[in-house]
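This is query.csv. It holds CSV, N, CA and C atoms.
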```csv
chain,number,residue,atom,x,y,z
A,1,MET,N,12.1,31.8,46.9
A,1,MET,CA,11.5,32.0,45.6
A,1,MET,C,10.8,30.7,45.2
A,2,VAL,N,11.5,29.6,45.4
A,2,VAL,CA,10.9,28.3,45.1
A,2,VAL,C,9.6,28.1,45.9
A,3,LEU,N,9.6,28.5,47.1
A,3,LEU,CA,8.4,28.4,48.0
A,3,LEU,C,7.3,29.2,47.4
A,4,GLY,N,7.6,30.4,47.0
A,4,GLY,CA,6.5,31.3,46.4
A,4,GLY,C,5.9,30.7,45.1
A,5,PHE,N,6.7,30.1,44.2
A,5,PHE,CA,6.2,29.5,43.0
A,5,PHE,C,5.5,28.2,43.4
A,6,SER,N,5.9,27.5,44.4
A,6,SER,CA,5.2,26.3,44.8
A,6,SER,C,3.8,26.6,45.3
A,7,ILE,N,3.7,27.6,46.1
A,7,ILE,CA,2.4,28.0,46.7
A,7,ILE,C,1.5,28.5,45.5
A,8,ALA,N,2.1,29.3,44.6
A,8,ALA,CA,1.3,29.7,43.4
A,8,ALA,C,0.8,28.6,42.6
A,9,LEU,N,1.7,27.5,42.4
A,9,LEU,CA,1.3,26.3,41.7
A,9,LEU,C,0.1,25.6,42.4
A,10,ILE,N,0.1,25.5,43.7
A,10,ILE,CA,-1.0,24.9,44.4
A,10,ILE,C,-2.3,25.7,44.2
A,11,VAL,N,-2.2,27.0,44.3
A,11,VAL,CA,-3.4,27.9,44.2
A,11,VAL,C,-3.9,27.8,42.8
A,12,PHE,N,-3.0,27.8,41.8
A,12,PHE,CA,-3.5,27.7,40.4
A,12,PHE,C,-4.1,26.4,40.1
A,13,SER,N,-3.5,25.3,40.7
A,13,SER,CA,-4.1,24.0,40.5
A,13,SER,C,-5.5,23.9,41.1
A,14,LEU,N,-5.7,24.4,42.2
A,14,LEU,CA,-7.1,24.4,42.8
A,14,LEU,C,-8.0,25.2,42.0
A,15,LEU,N,-7.6,26.4,41.6
A,15,LEU,CA,-8.5,27.2,40.7
A,15,LEU,C,-8.8,26.5,39.4
A,16,LEU,N,-7.8,25.9,38.8
A,16,LEU,CA,-8.0,25.2,37.5
A,16,LEU,C,-9.0,24.1,37.7
A,17,MET,N,-8.9,23.3,38.8
A,17,MET,CA,-9.8,22.2,39.1
A,17,MET,C,-11.2,22.8,39.2
A,18,LEU,N,-11.4,23.8,40.0
A,18,LEU,CA,-12.7,24.4,40.2
A,18,LEU,C,-13.3,24.9,38.9
A,19,LEU,N,-12.5,25.6,38.1
A,19,LEU,CA,-13.0,26.2,36.8
A,19,LEU,C,-13.4,25.1,35.8
A,20,VAL,N,-12.6,24.0,35.8
A,20,VAL,CA,-13.0,22.9,34.9
A,20,VAL,C,-14.3,22.3,35.3
A,21,LEU,N,-14.5,22.1,36.6
A,21,LEU,CA,-15.7,21.5,37.1
A,21,LEU,C,-16.9,22.4,36.8
A,22,MET,N,-16.7,23.7,36.7
A,22,MET,CA,-17.8,24.7,36.5
A,22,MET,C,-18.3,24.7,35.0
A,23,HIS,N,-17.5,24.1,34.1
A,23,HIS,CA,-17.8,24.1,32.7
A,23,HIS,C,-19.0,23.2,32.5
A,24,LYS,N,-19.8,23.6,31.5
A,24,LYS,CA,-21.0,22.8,31.1
A,24,LYS,C,-20.6,21.7,30.2
A,25,GLY,N,-20.9,20.5,30.6
A,25,GLY,CA,-20.6,19.3,29.8
A,25,GLY,C,-21.7,18.9,29.0
A,26,LYS,N,-21.7,17.6,28.5
A,26,LYS,CA,-22.8,17.1,27.7
A,26,LYS,C,-24.2,17.2,28.5
A,27,GLY,N,-24.1,16.7,29.7
A,27,GLY,CA,-25.3,16.7,30.5
A,27,GLY,C,-25.4,17.8,31.5
A,28,GLY,N,-24.7,18.9,31.4
A,28,GLY,CA,-24.6,20.0,32.3
A,28,GLY,C,-23.5,19.8,33.3
A,29,GLY,N,-23.3,20.7,34.1
A,29,GLY,CA,-22.2,20.6,35.1
A,29,GLY,C,-22.5,21.4,36.3
A,30,LEU,N,-21.4,21.7,37.0
A,30,LEU,CA,-21.6,22.6,38.2
A,30,LEU,C,-22.1,24.0,37.8
A,31,SER,N,-21.9,24.3,36.5
A,31,SER,CA,-22.3,25.6,36.1
A,31,SER,C,-23.8,25.7,36.1
A,32,ASP,N,-24.5,24.6,36.1
A,32,ASP,CA,-26.0,24.6,36.2
A,32,ASP,C,-26.4,25.2,37.6
A,33,MET,N,-25.6,25.0,38.6
A,33,MET,CA,-26.0,25.5,39.9
A,33,MET,C,-26.0,27.0,39.9
A,34,PHE,N,-25.2,27.6,39.1
A,34,PHE,CA,-25.1,29.1,39.0
A,34,PHE,C,-25.9,29.7,37.9
A,35,GLY,N,-26.9,29.0,37.4
A,35,GLY,CA,-27.8,29.6,36.4
A,35,GLY,C,-27.4,29.3,35.0
A,36,GLY,N,-26.4,28.5,34.8
A,36,GLY,CA,-26.0,28.2,33.4
A,36,GLY,C,-27.0,27.2,32.7
A,37,GLY,N,-27.7,26.4,33.5
A,37,GLY,CA,-28.6,25.5,32.9
A,37,GLY,C,-30.0,26.1,32.6
A,38,MET,N,-30.2,27.3,33.0
A,38,MET,CA,-31.5,27.9,32.8
A,38,MET,C,-31.7,28.4,31.4
A,39,GLN,N,-30.6,28.7,30.8
A,39,GLN,CA,-30.6,29.3,29.4
A,39,GLN,C,-30.5,28.2,28.4
A,40,SER,N,-31.2,28.3,27.3
A,40,SER,CA,-30.9,27.4,26.2
A,40,SER,C,-30.6,28.3,25.0
A,41,SER,N,-29.3,28.4,24.7
A,41,SER,CA,-28.8,29.2,23.6
A,41,SER,C,-28.6,28.3,22.4
A,42,VAL,N,-29.3,28.6,21.3
A,42,VAL,CA,-29.2,27.8,20.1
A,42,VAL,C,-28.0,28.2,19.3
A,43,GLY,N,-27.6,29.5,19.3
A,43,GLY,CA,-26.6,30.0,18.5
A,43,GLY,C,-25.2,29.8,18.9
A,44,GLY,N,-25.0,29.4,20.1
A,44,GLY,CA,-23.7,29.1,20.7
A,44,GLY,C,-23.7,29.3,22.2
A,45,SER,N,-22.5,29.5,22.7
A,45,SER,CA,-22.4,29.6,24.2
A,45,SER,C,-22.7,31.0,24.7
A,46,SER,N,-23.1,31.0,25.9
A,46,SER,CA,-23.5,32.3,26.5
A,46,SER,C,-22.3,33.1,26.8
A,47,VAL,N,-22.5,34.4,27.2
A,47,VAL,CA,-21.4,35.3,27.6
A,47,VAL,C,-20.7,34.7,28.8
A,48,ALA,N,-21.4,34.2,29.8
A,48,ALA,CA,-20.8,33.7,31.0
A,48,ALA,C,-19.9,32.5,30.7
A,49,GLU,N,-20.4,31.6,29.8
A,49,GLU,CA,-19.6,30.5,29.4
A,49,GLU,C,-18.3,30.8,28.6
A,50,ARG,N,-18.4,31.9,27.8
A,50,ARG,CA,-17.2,32.3,27.1
A,50,ARG,C,-16.2,33.0,28.0
A,51,ASN,N,-16.7,33.7,29.0
A,51,ASN,CA,-15.8,34.3,30.0
A,51,ASN,C,-15.2,33.2,30.9
A,52,LEU,N,-16.0,32.2,31.2
A,52,LEU,CA,-15.4,31.1,31.9
A,52,LEU,C,-14.3,30.4,31.1
A,53,ASP,N,-14.5,30.2,29.8
A,53,ASP,CA,-13.5,29.7,29.0
A,53,ASP,C,-12.2,30.5,29.0
A,54,ARG,N,-12.4,31.8,28.9
A,54,ARG,CA,-11.2,32.7,28.9
A,54,ARG,C,-10.4,32.6,30.2
A,55,ILE,N,-11.2,32.7,31.3
A,55,ILE,CA,-10.5,32.6,32.6
A,55,ILE,C,-9.8,31.3,32.8
A,56,THR,N,-10.4,30.2,32.3
A,56,THR,CA,-9.8,28.9,32.4
A,56,THR,C,-8.5,28.8,31.6
A,57,VAL,N,-8.5,29.4,30.4
A,57,VAL,CA,-7.3,29.4,29.6
A,57,VAL,C,-6.2,30.2,30.3
A,58,VAL,N,-6.5,31.4,30.8
A,58,VAL,CA,-5.5,32.2,31.5
A,58,VAL,C,-4.9,31.5,32.7
A,59,ILE,N,-5.8,30.9,33.5
A,59,ILE,CA,-5.3,30.2,34.7
A,59,ILE,C,-4.4,29.0,34.3
A,60,GLY,N,-4.8,28.3,33.2
A,60,GLY,CA,-4.1,27.2,32.7
A,60,GLY,C,-2.7,27.6,32.2
A,61,LEU,N,-2.6,28.8,31.6
A,61,LEU,CA,-1.3,29.3,31.1
A,61,LEU,C,-0.4,29.7,32.3
A,62,LEU,N,-1.0,30.3,33.3
A,62,LEU,CA,-0.3,30.6,34.5
A,62,LEU,C,0.2,29.4,35.2
A,63,TRP,N,-0.6,28.4,35.3
A,63,TRP,CA,-0.2,27.1,35.9
A,63,TRP,C,1.0,26.5,35.2
A,64,PHE,N,0.9,26.5,33.8
A,64,PHE,CA,2.0,25.9,33.0
A,64,PHE,C,3.3,26.7,33.2
A,65,ALA,N,3.1,28.1,33.3
A,65,ALA,CA,4.3,28.9,33.5
A,65,ALA,C,5.0,28.6,34.8
A,66,CYS,N,4.1,28.4,35.9
A,66,CYS,CA,4.7,28.1,37.2
A,66,CYS,C,5.5,26.8,37.1
A,67,ILE,N,5.0,25.8,36.4
A,67,ILE,CA,5.7,24.5,36.3
A,67,ILE,C,7.0,24.7,35.6
A,68,VAL,N,7.0,25.5,34.5
A,68,VAL,CA,8.2,25.7,33.8
A,68,VAL,C,9.3,26.4,34.6
A,69,VAL,N,8.8,27.5,35.3
A,69,VAL,CA,9.7,28.3,36.1
A,69,VAL,C,10.3,27.4,37.3
A,70,LEU,N,9.4,26.6,37.9
A,70,LEU,CA,9.9,25.7,39.0
A,70,LEU,C,10.9,24.7,38.5
A,71,GLY,N,10.7,24.2,37.3
A,71,GLY,CA,11.6,23.2,36.7
A,71,GLY,C,12.9,23.8,36.4
A,72,ILE,N,12.9,25.1,35.9
A,72,ILE,CA,14.2,25.8,35.6
A,72,ILE,C,14.9,26.1,36.9
A,73,MET,N,14.2,26.5,37.9
A,73,MET,CA,14.8,26.9,39.2
A,73,MET,C,15.4,25.6,39.8
A,74,MET,N,14.7,24.5,39.7
A,74,MET,CA,15.3,23.3,40.3
A,74,MET,C,16.5,22.8,39.6
A,75,LYS,N,16.5,23.0,38.3
A,75,LYS,CA,17.6,22.5,37.5
A,75,LYS,C,18.9,23.4,37.8
A,76,VAL,N,18.6,24.7,37.9
A,76,VAL,CA,19.7,25.6,38.1
A,76,VAL,C,20.3,25.5,39.5
A,77,SER,N,19.4,25.2,40.5
A,77,SER,CA,19.9,25.1,41.9
A,77,SER,C,20.7,23.8,42.1
A,78,ASN,N,20.6,22.8,41.3
A,78,ASN,CA,21.4,21.6,41.5
A,78,ASN,C,22.7,21.7,40.8
```

Would it be possible to restate this file's structure as structure tokens?
Amino acid sequence: MVLGFSIALIVFSLLLMLLVLMHKGKGGGLSDMFGGGMQSSVGGSSVAERNLDRITVVIGLLWFACIVVLGIMMKVSN
């Protein structure tokens, strides 16, 4: 069980790193490669950017949950 959560933590860490890099920063980001830089939205962020925000938050919460569960499992096993 610990192995499963450890693997999940690694996968979520890599996904989180990729998603954070895809966000548009002050000067653009990797999201520009996928068409994010082509649009200039004055009223706010685009639909793709909002969806990327939501996905990043969900993956971040799953990453945090894996850390908490692994910590509890390690404490109980000792």

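Minimum distance to Val11 of chain A across A:Asp53, A:His23, A:Trp63, A:Ile72 (counting only N, CA and C atoms) occurs at A:Trp63.
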
Item to check | Spatial neighbours of Gly60 of chain A, max dist 10 Å, only C-alpha atoms, sep filter under 3 positions, as a ChimeraX atom specification | outcome: /A:12-13,15-17,19,54-57,63-66

Checklist entry - In Å, with one decimal, what is the gap from atom CA of Leu21 of chain A to atom CA of Val2 of chain A? => result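 Pair atom CA of Leu21 of chain A / atom CA of Val2 of chain A returns 28.6 Å.
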
Checklist entry - Smallest atom-to-atom distance to Ser6 of chain A: which of A:Met74, A:Leu18, A:Leu61, A:Ala48, using only C-alpha atoms? => result A:Met74

Checklist entry - atom C of Ile10 of chain A and atom N of Asn51 of chain A are how many Å apart? => result 22.4 Å

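Using only C-alpha atoms, the nearest neighbour of Leu70 of chain A within the list A:Val47, A:Val20, A:Leu52, A:Ala8 is A:Ala8.
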
Item to check | Two-atom distance - atom CA of Val69 of chain A, atom CA of Met22 of chain A (Å) | outcome: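 About the pair atom CA of Val69 of chain A and atom CA of Met22 of chain A: they are 27.7 Å apart.
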